[in-house]
Structure formats: C-alpha cells, structure tokens
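As provided, model-v4.pdb (PDB, C-alpha atoms) reads as follows.
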ATOM      1  CA  MET A   1      37.956  -5.526 -47.684  1.00  0.00           C
ATOM      2  CA  GLN A   2      35.448  -3.793 -45.454  1.00  0.00           C
ATOM      3  CA  THR A   3      34.417  -4.959 -41.991  1.00  0.00           C
ATOM      4  CA  THR A   4      31.159  -3.684 -40.504  1.00  0.00           C
ATOM      5  CA  VAL A   5      29.205  -4.605 -37.384  1.00  0.00           C
ATOM      6  CA  GLU A   6      25.415  -4.505 -36.975  1.00  0.00           C
ATOM      7  CA  ILE A   7      23.279  -4.919 -33.852  1.00  0.00           C
ATOM      8  CA  ARG A   8      19.602  -5.807 -34.085  1.00  0.00           C
ATOM      9  CA  ARG A   9      16.896  -7.406 -31.982  1.00  0.00           C
ATOM     10  CA  MET A  10      16.865 -11.147 -32.534  1.00  0.00           C
ATOM     11  CA  ALA A  11      13.605 -11.082 -34.520  1.00  0.00           C
ATOM     12  CA  ASP A  12      14.834  -8.338 -36.879  1.00  0.00           C
ATOM     13  CA  TRP A  13      17.562 -10.264 -38.723  1.00  0.00           C
ATOM     14  CA  PRO A  14      16.985 -11.185 -42.387  1.00  0.00           C
ATOM     15  CA  ALA A  15      16.553 -14.864 -43.232  1.00  0.00           C
ATOM     16  CA  ASP A  16      19.690 -15.064 -45.396  1.00  0.00           C
ATOM     17  CA  VAL A  17      21.934 -13.898 -42.527  1.00  0.00           C
ATOM     18  CA  LEU A  18      20.242 -16.283 -40.077  1.00  0.00           C
ATOM     19  CA  GLN A  19      20.708 -19.197 -42.450  1.00  0.00           C
ATOM     20  CA  VAL A  20      24.466 -18.610 -42.574  1.00  0.00           C
ATOM     21  CA  ILE A  21      24.740 -18.221 -38.788  1.00  0.00           C
ATOM     22  CA  ARG A  22      22.633 -21.328 -38.077  1.00  0.00           C
ATOM     23  CA  GLY A  23      25.094 -23.310 -40.187  1.00  0.00           C
ATOM     24  CA  TRP A  24      27.880 -22.424 -37.734  1.00  0.00           C
ATOM     25  CA  MET A  25      26.097 -23.667 -34.615  1.00  0.00           C
ATOM     26  CA  PRO A  26      26.392 -27.493 -34.682  1.00  0.00           C
ATOM     27  CA  GLU A  27      30.188 -27.425 -34.892  1.00  0.00           C
ATOM     28  CA  ALA A  28      30.493 -24.644 -32.322  1.00  0.00           C
ATOM     29  CA  PHE A  29      27.994 -25.834 -29.704  1.00  0.00           C
ATOM     30  CA  GLY A  30      26.885 -29.379 -30.463  1.00  0.00           C
ATOM     31  CA  ASP A  31      23.572 -30.282 -28.838  1.00  0.00           C
ATOM     32  CA  GLY A  32      23.774 -27.668 -26.064  1.00  0.00           C
ATOM     33  CA  GLY A  33      24.770 -30.161 -23.366  1.00  0.00           C
ATOM     34  CA  GLY A  34      21.204 -31.191 -22.612  1.00  0.00           C
ATOM     35  CA  TYR A  35      20.296 -27.833 -21.082  1.00  0.00           C
ATOM     36  CA  THR A  36      17.427 -25.509 -21.877  1.00  0.00           C
ATOM     37  CA  TRP A  37      18.945 -22.171 -22.864  1.00  0.00           C
ATOM     38  CA  ALA A  38      17.584 -18.620 -22.628  1.00  0.00           C
ATOM     39  CA  THR A  39      16.113 -16.853 -25.606  1.00  0.00           C
ATOM     40  CA  MET A  40      18.518 -14.038 -26.390  1.00  0.00           C
ATOM     41  CA  ASP A  41      17.414 -10.424 -26.901  1.00  0.00           C
ATOM     42  CA  TRP A  42      20.015  -9.013 -29.304  1.00  0.00           C
ATOM     43  CA  ARG A  43      22.414 -10.293 -31.986  1.00  0.00           C
ATOM     44  CA  VAL A  44      25.667  -8.579 -32.972  1.00  0.00           C
ATOM     45  CA  VAL A  45      27.056  -9.637 -36.353  1.00  0.00           C
ATOM     46  CA  ALA A  46      30.404  -8.749 -37.909  1.00  0.00           C
ATOM     47  CA  PHE A  47      30.409  -8.714 -41.713  1.00  0.00           C
ATOM     48  CA  GLN A  48      33.332  -8.853 -44.119  1.00  0.00           C
ATOM     49  CA  ASP A  49      32.379  -7.379 -47.498  1.00  0.00           C
ATOM     50  CA  GLY A  50      28.701  -7.935 -46.684  1.00  0.00           C
ATOM     51  CA  ALA A  51      29.023 -11.583 -45.581  1.00  0.00           C
ATOM     52  CA  PRO A  52      28.565 -12.619 -41.906  1.00  0.00           C
ATOM     53  CA  VAL A  53      31.849 -13.733 -40.316  1.00  0.00           C
ATOM     54  CA  SER A  54      31.235 -13.640 -36.541  1.00  0.00           C
ATOM     55  CA  GLN A  55      28.406 -13.182 -34.082  1.00  0.00           C
ATOM     56  CA  VAL A  56      27.643 -12.476 -30.430  1.00  0.00           C
ATOM     57  CA  GLU A  57      24.272 -12.667 -28.703  1.00  0.00           C
ATOM     58  CA  ILE A  58      23.095 -10.605 -25.714  1.00  0.00           C
ATOM     59  CA  VAL A  59      20.403 -11.199 -23.099  1.00  0.00           C
ATOM     60  CA  VAL A  60      19.466  -8.610 -20.460  1.00  0.00           C
ATOM     61  CA  ARG A  61      18.802 -10.101 -17.051  1.00  0.00           C
ATOM     62  CA  ASP A  62      18.382  -9.083 -13.424  1.00  0.00           C
ATOM     63  CA  GLY A  63      20.569 -11.441 -11.415  1.00  0.00           C
ATOM     64  CA  LEU A  64      22.186 -11.749  -8.025  1.00  0.00           C
ATOM     65  CA  ALA A  65      25.837 -11.612  -6.985  1.00  0.00           C
ATOM     66  CA  ASN A  66      26.569 -12.300  -3.325  1.00  0.00           C
ATOM     67  CA  GLY A  67      22.850 -11.694  -2.664  1.00  0.00           C
ATOM     68  CA  GLN A  68      22.940  -8.218  -4.263  1.00  0.00           C
ATOM     69  CA  ALA A  69      20.820  -7.333  -7.292  1.00  0.00           C
ATOM     70  CA  VAL A  70      22.842  -6.787 -10.465  1.00  0.00           C
ATOM     71  CA  LYS A  71      21.635  -5.844 -13.947  1.00  0.00           C
ATOM     72  CA  LEU A  72      23.479  -8.151 -16.327  1.00  0.00           C
ATOM     73  CA  GLY A  73      24.169  -8.044 -20.030  1.00  0.00           C
ATOM     74  CA  GLY A  74      24.691 -11.726 -20.667  1.00  0.00           C
ATOM     75  CA  ILE A  75      26.987 -12.602 -23.554  1.00  0.00           C
ATOM     76  CA  GLY A  76      26.361 -15.893 -25.302  1.00  0.00           C
ATOM     77  CA  THR A  77      26.727 -17.772 -28.561  1.00  0.00           C
ATOM     78  CA  VAL A  78      29.994 -16.104 -29.523  1.00  0.00           C
ATOM     79  CA  VAL A  79      30.961 -17.892 -32.722  1.00  0.00           C
ATOM     80  CA  THR A  80      33.275 -17.361 -35.660  1.00  0.00           C
ATOM     81  CA  PRO A  81      33.615 -20.134 -38.242  1.00  0.00           C
ATOM     82  CA  PRO A  82      37.128 -21.597 -38.585  1.00  0.00           C
ATOM     83  CA  GLU A  83      37.932 -19.895 -41.882  1.00  0.00           C
ATOM     84  CA  HIS A  84      37.382 -16.452 -40.304  1.00  0.00           C
ATOM     85  CA  ARG A  85      39.154 -16.956 -36.971  1.00  0.00           C
ATOM     86  CA  ARG A  86      42.203 -14.977 -35.805  1.00  0.00           C
ATOM     87  CA  LYS A  87      41.325 -12.026 -38.012  1.00  0.00           C
ATOM     88  CA  GLY A  88      39.826  -9.774 -35.307  1.00  0.00           C
ATOM     89  CA  PHE A  89      36.153 -10.340 -36.218  1.00  0.00           C
ATOM     90  CA  ALA A  90      35.130 -11.721 -32.804  1.00  0.00           C
ATOM     91  CA  SER A  91      36.980  -8.872 -31.082  1.00  0.00           C
ATOM     92  CA  ARG A  92      35.126  -6.317 -33.214  1.00  0.00           C
ATOM     93  CA  ALA A  93      31.771  -7.971 -32.489  1.00  0.00           C
ATOM     94  CA  MET A  94      32.538  -8.203 -28.754  1.00  0.00           C
ATOM     95  CA  GLN A  95      33.643  -4.559 -28.564  1.00  0.00           C
ATOM     96  CA  ALA A  96      30.423  -3.483 -30.293  1.00  0.00           C
ATOM     97  CA  ALA A  97      28.417  -5.663 -27.875  1.00  0.00           C
ATOM     98  CA  ASP A  98      30.267  -4.160 -24.883  1.00  0.00           C
ATOM     99  CA  ASP A  99      29.611  -0.600 -26.083  1.00  0.00           C
ATOM    100  CA  PHE A 100      25.948  -1.413 -26.778  1.00  0.00           C
ATOM    101  CA  MET A 101      25.422  -2.963 -23.335  1.00  0.00           C
ATOM    102  CA  ARG A 102      27.001   0.044 -21.634  1.00  0.00           C
ATOM    103  CA  ASP A 103      25.627   2.899 -23.765  1.00  0.00           C
ATOM    104  CA  THR A 104      22.228   1.624 -24.915  1.00  0.00           C
ATOM    105  CA  LEU A 105      21.107  -1.134 -22.571  1.00  0.00           C
ATOM    106  CA  GLY A 106      22.464   0.497 -19.403  1.00  0.00           C
ATOM    107  CA  VAL A 107      23.527  -2.744 -17.728  1.00  0.00           C
ATOM    108  CA  GLU A 108      25.844  -2.701 -14.727  1.00  0.00           C
ATOM    109  CA  PHE A 109      27.928  -5.698 -15.767  1.00  0.00           C
ATOM    110  CA  GLY A 110      28.563  -7.808 -18.797  1.00  0.00           C
ATOM    111  CA  PHE A 111      28.575 -11.475 -17.775  1.00  0.00           C
ATOM    112  CA  LEU A 112      29.750 -14.517 -19.689  1.00  0.00           C
ATOM    113  CA  ILE A 113      30.660 -18.136 -19.193  1.00  0.00           C
ATOM    114  CA  THR A 114      33.540 -19.497 -21.222  1.00  0.00           C
ATOM    115  CA  GLY A 115      36.211 -22.120 -21.308  1.00  0.00           C
ATOM    116  CA  GLY A 116      39.548 -22.557 -22.956  1.00  0.00           C
ATOM    117  CA  GLU A 117      42.619 -20.401 -22.491  1.00  0.00           C
ATOM    118  CA  PHE A 118      42.325 -18.797 -25.944  1.00  0.00           C
ATOM    119  CA  ARG A 119      38.832 -17.466 -25.191  1.00  0.00           C
ATOM    120  CA  VAL A 120      39.799 -16.268 -21.732  1.00  0.00           C
ATOM    121  CA  ARG A 121      42.781 -14.393 -23.250  1.00  0.00           C
ATOM    122  CA  LEU A 122      40.527 -12.794 -25.889  1.00  0.00           C
ATOM    123  CA  TYR A 123      38.020 -11.562 -23.319  1.00  0.00           C
ATOM    124  CA  ARG A 124      40.743 -10.325 -20.935  1.00  0.00           C
ATOM    125  CA  GLN A 125      42.245  -8.274 -23.758  1.00  0.00           C
ATOM    126  CA  LEU A 126      38.821  -6.631 -24.087  1.00  0.00           C
ATOM    127  CA  GLY A 127      38.728  -5.728 -20.371  1.00  0.00           C
ATOM    128  CA  TRP A 128      36.767  -8.683 -18.969  1.00  0.00           C
ATOM    129  CA  GLN A 129      37.721 -10.013 -15.518  1.00  0.00           C
ATOM    130  CA  VAL A 130      37.595 -13.579 -14.196  1.00  0.00           C
ATOM    131  CA  VAL A 131      35.323 -13.953 -11.143  1.00  0.00           C
ATOM    132  CA  GLN A 132      34.672 -16.871  -8.816  1.00  0.00           C
ATOM    133  CA  GLY A 133      31.331 -18.646  -8.427  1.00  0.00           C
ATOM    134  CA  PRO A 134      29.547 -20.860  -7.809  1.00  0.00           C
ATOM    135  CA  MET A 135      26.977 -20.024 -10.455  1.00  0.00           C
ATOM    136  CA  PHE A 136      23.326 -21.025 -10.284  1.00  0.00           C
ATOM    137  CA  PHE A 137      20.643 -21.008 -12.973  1.00  0.00           C
ATOM    138  CA  THR A 138      17.176 -22.437 -13.575  1.00  0.00           C
ATOM    139  CA  GLN A 139      16.170 -25.499 -15.585  1.00  0.00           C
ATOM    140  CA  PRO A 140      12.616 -26.640 -16.306  1.00  0.00           C
ATOM    141  CA  GLU A 141      11.575 -29.578 -14.113  1.00  0.00           C
ATOM    142  CA  ARG A 142      14.821 -29.334 -12.097  1.00  0.00           C
ATOM    143  CA  GLY A 143      14.504 -25.862 -10.614  1.00  0.00           C
ATOM    144  CA  ARG A 144      17.650 -24.076  -9.415  1.00  0.00           C
ATOM    145  CA  VAL A 145      20.812 -25.945 -10.336  1.00  0.00           C
ATOM    146  CA  THR A 146      24.556 -25.340 -10.071  1.00  0.00           C
ATOM    147  CA  TRP A 147      26.692 -25.115 -13.192  1.00  0.00           C
ATOM    148  CA  PRO A 148      28.356 -28.544 -13.343  1.00  0.00           C
ATOM    149  CA  ASP A 149      31.786 -28.702 -11.737  1.00  0.00           C
ATOM    150  CA  ASP A 150      33.088 -31.088 -14.401  1.00  0.00           C
ATOM    151  CA  ASP A 151      32.638 -28.450 -17.120  1.00  0.00           C
ATOM    152  CA  LEU A 152      35.132 -26.156 -15.357  1.00  0.00           C
ATOM    153  CA  PRO A 153      33.602 -22.935 -16.657  1.00  0.00           C
ATOM    154  CA  VAL A 154      35.358 -19.629 -16.406  1.00  0.00           C
ATOM    155  CA  LEU A 155      33.005 -16.884 -15.250  1.00  0.00           C
ATOM    156  CA  MET A 156      33.837 -13.367 -16.417  1.00  0.00           C
ATOM    157  CA  VAL A 157      32.406  -9.889 -15.871  1.00  0.00           C
ATOM    158  CA  LEU A 158      32.894  -6.513 -17.486  1.00  0.00           C
ATOM    159  CA  PRO A 159      31.952  -3.671 -15.095  1.00  0.00           C
ATOM    160  CA  PHE A 160      30.122  -0.640 -16.459  1.00  0.00           C
ATOM    161  CA  GLY A 161      29.442   2.598 -14.610  1.00  0.00           C
ATOM    162  CA  GLY A 162      31.937   2.196 -11.794  1.00  0.00           C
ATOM    163  CA  ARG A 163      30.160  -0.376  -9.627  1.00  0.00           C
ATOM    164  CA  VAL A 164      32.471  -3.063  -8.211  1.00  0.00           C
ATOM    165  CA  TRP A 165      31.425  -6.680  -8.785  1.00  0.00           C
ATOM    166  CA  PRO A 166      29.976  -7.916  -5.443  1.00  0.00           C
ATOM    167  CA  GLY A 167      31.701 -11.309  -5.683  1.00  0.00           C
ATOM    168  CA  GLY A 168      30.431 -14.518  -4.105  1.00  0.00           C
ATOM    169  CA  GLU A 169      27.627 -16.770  -5.287  1.00  0.00           C
ATOM    170  CA  ILE A 170      26.132 -15.867  -8.681  1.00  0.00           C
ATOM    171  CA  ASP A 171      22.510 -16.555  -9.625  1.00  0.00           C
ATOM    172  CA  VAL A 172      21.481 -15.598 -13.153  1.00  0.00           C
ATOM    173  CA  CYS A 173      17.839 -15.924 -11.996  1.00  0.00           C
ATOM    174  CA  GLY A 174      16.642 -17.859 -15.012  1.00  0.00           C
ATOM    175  CA  LEU A 175      17.834 -19.997 -17.869  1.00  0.00           C
ATOM    176  CA  PRO A 176      21.551 -19.902 -18.738  1.00  0.00           C
ATOM    177  CA  TRP A 177      22.821 -18.297 -21.927  1.00  0.00           C
TER     178      TRP A 177
END
Please express what this file holds, its structure, as structure tokens.
Amino acid sequence: MQTTVEIRRMADWPADVLQVIRGWMPEAFGDGGGYTWATMDWRVVAFQDGAPVSQVEIVVRDGLANGQAVKLGGIGTVVTPPEHRRKGFASRAMQAADDFMRDTLGVEFGFLITGGEFRVRLYRQLGWQVVQGPMFFTQPERGRVTWPDDDLPVLMVLPFGGRVWPGGEIDVCGLPW
C-alpha cells in the first residue's frame, strides 16, 4: 500500500479524480448552509494506491486580524470518506497543505474554521492553535456579516515565519471558505 499526496491548482485536476471527490461532498457538507462560498485556489489530494482518499482545499487571502493586515492561507473542504478515516490520510494531506502554504505560497498564517472535538484535536496535533473571534466575512446582497453564533465555530491559525497572531476581531475580507 502506497500513500502519495499531490497539490495542484483547482483547474488542473483530472476529471476522474474530481468525480470521486465530488461524490464525497453531499455527505460531508450538505447544502453549504445557505452561504456563498469562496472559489478555492489549490487542492491537496492524498491517494492510496492511486485512488483519492482525502482532500484539502486552500485559498490565499489578505485579511484583517485586530485591524492588522494578515496574509492568510485559508483551509477549507477537508474531507475523507468514512471508509478511509482514522488511517492518517487527512493528517498527511493537511501536513502537505501546511508545508505548501509556508514554503510556496508564503502566507503568514494558515486559517481554518472547524467544529467538533475530533477535528480540533486533529488540527492541534498538527500545530494549529485555537483563536478567539468574532469572525466577519462577505455575502452577496448582505454585505459584511458575522459568522453565526449558533454554529459555534472553532477558529484556528497556524503561524508561519515567526509573526504572532494579532488576536481580536477577524475579517477574512471576502467570501468564507
């Protein structure tokens, strides 16, 4: 059994891989909660013996934290189908995404929104830190909105390059991911 990880621009993935990944989405994310989501820039896919088993998507964004400009590598659409969970595939994909954001994209911070203790534990094991909000983003026809309190999101950052997270109010300055 061989595990590999590939990173490509979103438009550069072959149709057969995309077809498999699209099949994972309804169970993992439902209808998207009625929000308009950002178009992601990069996709990281873990393969087991040539078959996709986990994925992570990345968007690069200039945002604000406590009024200070921050270059973010936004992590989104982390998904592993049930039959491939708890085998380290998501960890491998996330580690590759973290390295890529730091070494290739040159972002200051990875940033993600998650929920559930299992996910928070996974990301903490990979070096991510929980931060406090509130978090703001943009929605067409509604403008700047706050992430809903009833969703109880956990906001997490992964610092790159030694800069300390500024804390305070977070604005991702665009659509959420």
Hey, what comes out of the PyMOL selection byres ((chain A and resi 107) around 12) on this file? Could you write it as JSON, numbers by chain?
{"A": [58, 59, 60, 61, 62, 63, 69, 70, 71, 72, 73, 74, 75, 97, 98, 99, 100, 101, 102, 103, 104, 105, 106, 108, 109, 110, 111, 157, 158, 159, 160, 161, 162, 163]}
Output file for the selection above: C-alpha atoms, as a PDB file, in the coordinates of the input:
ATOM      1  CA  ILE A  58      23.095 -10.605 -25.714  1.00  0.00           C
ATOM      2  CA  VAL A  59      20.403 -11.199 -23.099  1.00  0.00           C
ATOM      3  CA  VAL A  60      19.466  -8.610 -20.460  1.00  0.00           C
ATOM      4  CA  ARG A  61      18.802 -10.101 -17.051  1.00  0.00           C
ATOM      5  CA  ASP A  62      18.382  -9.083 -13.424  1.00  0.00           C
ATOM      6  CA  GLY A  63      20.569 -11.441 -11.415  1.00  0.00           C
ATOM      7  CA  ALA A  69      20.820  -7.333  -7.292  1.00  0.00           C
ATOM      8  CA  VAL A  70      22.842  -6.787 -10.465  1.00  0.00           C
ATOM      9  CA  LYS A  71      21.635  -5.844 -13.947  1.00  0.00           C
ATOM     10  CA  LEU A  72      23.479  -8.151 -16.327  1.00  0.00           C
ATOM     11  CA  GLY A  73      24.169  -8.044 -20.030  1.00  0.00           C
ATOM     12  CA  GLY A  74      24.691 -11.726 -20.667  1.00  0.00           C
ATOM     13  CA  ILE A  75      26.987 -12.602 -23.554  1.00  0.00           C
ATOM     14  CA  ALA A  97      28.417  -5.663 -27.875  1.00  0.00           C
ATOM     15  CA  ASP A  98      30.267  -4.160 -24.883  1.00  0.00           C
ATOM     16  CA  ASP A  99      29.611  -0.600 -26.083  1.00  0.00           C
ATOM     17  CA  PHE A 100      25.948  -1.413 -26.778  1.00  0.00           C
ATOM     18  CA  MET A 101      25.422  -2.963 -23.335  1.00  0.00           C
ATOM     19  CA  ARG A 102      27.001   0.044 -21.634  1.00  0.00           C
ATOM     20  CA  ASP A 103      25.627   2.899 -23.765  1.00  0.00           C
ATOM     21  CA  THR A 104      22.228   1.624 -24.915  1.00  0.00           C
ATOM     22  CA  LEU A 105      21.107  -1.134 -22.571  1.00  0.00           C
ATOM     23  CA  GLY A 106      22.464   0.497 -19.403  1.00  0.00           C
ATOM     24  CA  GLU A 108      25.844  -2.701 -14.727  1.00  0.00           C
ATOM     25  CA  PHE A 109      27.928  -5.698 -15.767  1.00  0.00           C
ATOM     26  CA  GLY A 110      28.563  -7.808 -18.797  1.00  0.00           C
ATOM     27  CA  PHE A 111      28.575 -11.475 -17.775  1.00  0.00           C
ATOM     28  CA  VAL A 157      32.406  -9.889 -15.871  1.00  0.00           C
ATOM     29  CA  LEU A 158      32.894  -6.513 -17.486  1.00  0.00           C
ATOM     30  CA  PRO A 159      31.952  -3.671 -15.095  1.00  0.00           C
ATOM     31  CA  PHE A 160      30.122  -0.640 -16.459  1.00  0.00           C
ATOM     32  CA  GLY A 161      29.442   2.598 -14.610  1.00  0.00           C
ATOM     33  CA  GLY A 162      31.937   2.196 -11.794  1.00  0.00           C
ATOM     34  CA  ARG A 163      30.160  -0.376  -9.627  1.00  0.00           C
TER      35      ARG A 163
END
Which distance in Å separates CA of Gly88 (chain A) and CA of Arg124 (chain A), to one decimal?
14.4 Å
I'd like the residues picked by the PyMOL selection byres ((chain A and resi 126) around 10) written out as a tab-separated table (two decimals) with C-alpha atoms, keeping the file's coordinate frame, using the chain letters and numbers from the file.
chain	number	residue	atom	x	y	z
A	91	SER	CA	36.98	-8.87	-31.08
A	92	ARG	CA	35.13	-6.32	-33.21
A	94	MET	CA	32.54	-8.20	-28.75
A	95	GLN	CA	33.64	-4.56	-28.56
A	98	ASP	CA	30.27	-4.16	-24.88
A	120	VAL	CA	39.80	-16.27	-21.73
A	121	ARG	CA	42.78	-14.39	-23.25
A	122	LEU	CA	40.53	-12.79	-25.89
A	123	TYR	CA	38.02	-11.56	-23.32
A	124	ARG	CA	40.74	-10.32	-20.94
A	125	GLN	CA	42.24	-8.27	-23.76
A	127	GLY	CA	38.73	-5.73	-20.37
A	128	TRP	CA	36.77	-8.68	-18.97
A	129	GLN	CA	37.72	-10.01	-15.52
A	158	LEU	CA	32.89	-6.51	-17.49
Kindly give the distance, in Å, that separates CA of Gly76 (chain A) and CA of Leu112 (chain A), rounded to a single decimal.
6.7 Å
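Minimum atom-to-atom distances from A:Thr114, A:Arg86, A:Tyr35, A:Val78 to Val145 (chain A) were compared using all atoms listed in the file, and the lowest value belongs to A:Tyr35.
The smallest atom-to-atom distance between Leu155 (chain A) and any of A:Gly133, A:Gly174, A:Pro140, A:Gly33, using only C-alpha atoms, is found for A:Gly133.
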Nearest to Gly115 (chain A) by atom-to-atom distance, counting all atoms listed in the file, from A:Thr146, A:Ala38, A:Lys87, A:Val154
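Looking at the shortest contact to Gly115 (chain A), the residue is A:Val154.
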